[in-house]
Each structure stands twice: as structure tokens, then as C-alpha cells.
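See below for coords_37.pdb, which holds PDB, C-alpha atoms.
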ATOM      1  CA  MET A   1    -114.872  50.039-183.134  1.00  0.00           C
ATOM      2  CA  ALA A   2    -116.301  50.019-179.639  1.00  0.00           C
ATOM      3  CA  ILE A   3    -115.895  52.970-177.341  1.00  0.00           C
ATOM      4  CA  ALA A   4    -112.833  52.652-175.095  1.00  0.00           C
ATOM      5  CA  LYS A   5    -114.874  52.672-171.905  1.00  0.00           C
ATOM      6  CA  GLU A   6    -117.052  49.824-173.218  1.00  0.00           C
ATOM      7  CA  VAL A   7    -114.018  47.725-174.151  1.00  0.00           C
ATOM      8  CA  MET A   8    -112.388  48.346-170.788  1.00  0.00           C
ATOM      9  CA  THR A   9    -115.582  47.455-168.941  1.00  0.00           C
ATOM     10  CA  LYS A  10    -115.913  44.224-170.921  1.00  0.00           C
ATOM     11  CA  VAL A  11    -112.301  43.216-170.225  1.00  0.00           C
ATOM     12  CA  ILE A  12    -112.651  43.984-166.527  1.00  0.00           C
ATOM     13  CA  GLN A  13    -115.926  42.083-166.228  1.00  0.00           C
ATOM     14  CA  GLU A  14    -114.342  39.032-167.874  1.00  0.00           C
ATOM     15  CA  GLN A  15    -111.695  38.821-165.143  1.00  0.00           C
ATOM     16  CA  PRO A  16    -112.095  36.451-162.194  1.00  0.00           C
ATOM     17  CA  GLU A  17    -113.401  37.981-158.981  1.00  0.00           C
ATOM     18  CA  ASP A  18    -110.031  37.521-157.292  1.00  0.00           C
ATOM     19  CA  ALA A  19    -108.018  39.164-160.099  1.00  0.00           C
ATOM     20  CA  SER A  20    -105.407  41.582-158.833  1.00  0.00           C
ATOM     21  CA  TYR A  21    -105.022  45.154-159.984  1.00  0.00           C
ATOM     22  CA  ASP A  22    -101.852  44.185-161.867  1.00  0.00           C
ATOM     23  CA  GLU A  23    -103.562  41.274-163.629  1.00  0.00           C
ATOM     24  CA  ILE A  24    -106.418  43.501-164.745  1.00  0.00           C
ATOM     25  CA  MET A  25    -103.999  46.169-165.960  1.00  0.00           C
ATOM     26  CA  ARG A  26    -102.063  43.518-167.954  1.00  0.00           C
ATOM     27  CA  GLU A  27    -105.280  42.359-169.602  1.00  0.00           C
ATOM     28  CA  LEU A  28    -106.253  45.929-170.471  1.00  0.00           C
ATOM     29  CA  ALA A  29    -102.804  46.572-171.948  1.00  0.00           C
ATOM     30  CA  PHE A  30    -102.970  43.318-173.910  1.00  0.00           C
ATOM     31  CA  GLU A  31    -106.389  44.253-175.319  1.00  0.00           C
ATOM     32  CA  ARG A  32    -105.011  47.626-176.417  1.00  0.00           C
ATOM     33  CA  MET A  33    -101.985  46.037-178.086  1.00  0.00           C
ATOM     34  CA  ILE A  34    -104.260  43.700-180.023  1.00  0.00           C
ATOM     35  CA  GLU A  35    -106.479  46.577-181.142  1.00  0.00           C
ATOM     36  CA  ARG A  36    -103.463  48.612-182.255  1.00  0.00           C
ATOM     37  CA  GLY A  37    -102.170  45.655-184.249  1.00  0.00           C
ATOM     38  CA  LEU A  38    -105.521  45.174-185.953  1.00  0.00           C
ATOM     39  CA  GLU A  39    -105.654  48.895-186.738  1.00  0.00           C
ATOM     40  CA  ASP A  40    -102.185  48.686-188.302  1.00  0.00           C
ATOM     41  CA  LEU A  41    -103.343  45.717-190.361  1.00  0.00           C
ATOM     42  CA  ARG A  42    -106.432  47.571-191.591  1.00  0.00           C
ATOM     43  CA  LYS A  43    -104.277  50.560-192.580  1.00  0.00           C
ATOM     44  CA  GLY A  44    -101.706  48.394-194.354  1.00  0.00           C
ATOM     45  CA  ARG A  45     -98.918  49.178-191.897  1.00  0.00           C
ATOM     46  CA  ILE A  46     -97.462  45.696-191.942  1.00  0.00           C
ATOM     47  CA  ILE A  47     -94.261  43.978-192.989  1.00  0.00           C
ATOM     48  CA  SER A  48     -93.726  40.435-194.196  1.00  0.00           C
ATOM     49  CA  ASN A  49     -92.242  37.621-192.159  1.00  0.00           C
ATOM     50  CA  GLU A  50     -89.262  37.674-194.499  1.00  0.00           C
ATOM     51  CA  GLU A  51     -88.633  41.354-193.741  1.00  0.00           C
ATOM     52  CA  VAL A  52     -88.804  40.667-190.007  1.00  0.00           C
ATOM     53  CA  GLU A  53     -86.353  37.813-190.414  1.00  0.00           C
ATOM     54  CA  GLN A  54     -83.947  40.047-192.362  1.00  0.00           C
ATOM     55  CA  ARG A  55     -84.160  42.741-189.697  1.00  0.00           C
ATOM     56  CA  ILE A  56     -83.459  40.261-186.908  1.00  0.00           C
ATOM     57  CA  HIS A  57     -80.454  38.867-188.768  1.00  0.00           C
ATOM     58  CA  SER A  58     -79.116  42.391-189.284  1.00  0.00           C
ATOM     59  CA  TRP A  59     -79.268  43.000-185.508  1.00  0.00           C
ATOM     60  CA  GLN A  60     -77.207  39.899-184.873  1.00  0.00           C
ATOM     61  CA  LYS A  61     -74.244  41.115-186.934  1.00  0.00           C
TER      62      LYS A  61
END

As C-alpha cells, how would this structure be written, given the file I've shared?
Amino acid sequence: MAIAKEVMTKVIQEQPEDASYDEIMRELAFERMIERGLEDLRKGRIISNEEVEQRIHSWQK
């Protein structure tokens, strides 16, 4: 895994020159969410689509 500063620099450099602070922050947050999800996947911390569906249905009762 890349060092956090390297990932952040890459994300920032990929933004258009006129990107706002908020847009850059959203992209950084999105990148972090993706990395966390991939880490969960690698560590087996996942649930099936069926389990998600069951949980959603239980909330609707």
C-alpha cells in the first residue's frame, strides 16, 4: 500500500486546476473510502448481497 501522503498527492494532482477545496476534499474522502473497502475485502470483513438484503428488509418492518 502506498504511503498516505503519496496517495493524497496523486489524488490532488489528478484534479483540474480550477477544482475547489470542497471538491478536492470529496475526492480525498472517496479515495479513503475505497481503500478502506478494499482493506475490509482483503481481511474477509464482508457480507453477502443476500445478508444486506435481509438487513434492509428488517429495517423496513

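Near Arg36 of chain A, within 12 Å and counting only C-alpha atoms, sit Met1, Ala29, Phe30, Arg42, Lys43, Arg45 and Ile46 of chain A, not including residues fewer than 6 positions from it in the same chain.
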
Distance of atom CA of Met8 of chain A from atom CA of Leu28 of chain A, expressed in Å to one decimal place: 6.6 Å

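Taking atom CA of Glu31 of chain A as the reference point, atom CA of Val7 of chain A is found at 8.5 Å.
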
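Using all atoms listed in the file, the residues found no farther than 9 Å from Glu27 of chain A, other than those of its own chain fewer than 5 positions away, are Val11, Ile12, Gln15, Asp22 and Arg32 of chain A.
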
For atom CA of Ile3 of chain A and atom CA of Asp18 of chain A, quote the distance in Å rounded to one decimal. 26.0 Å
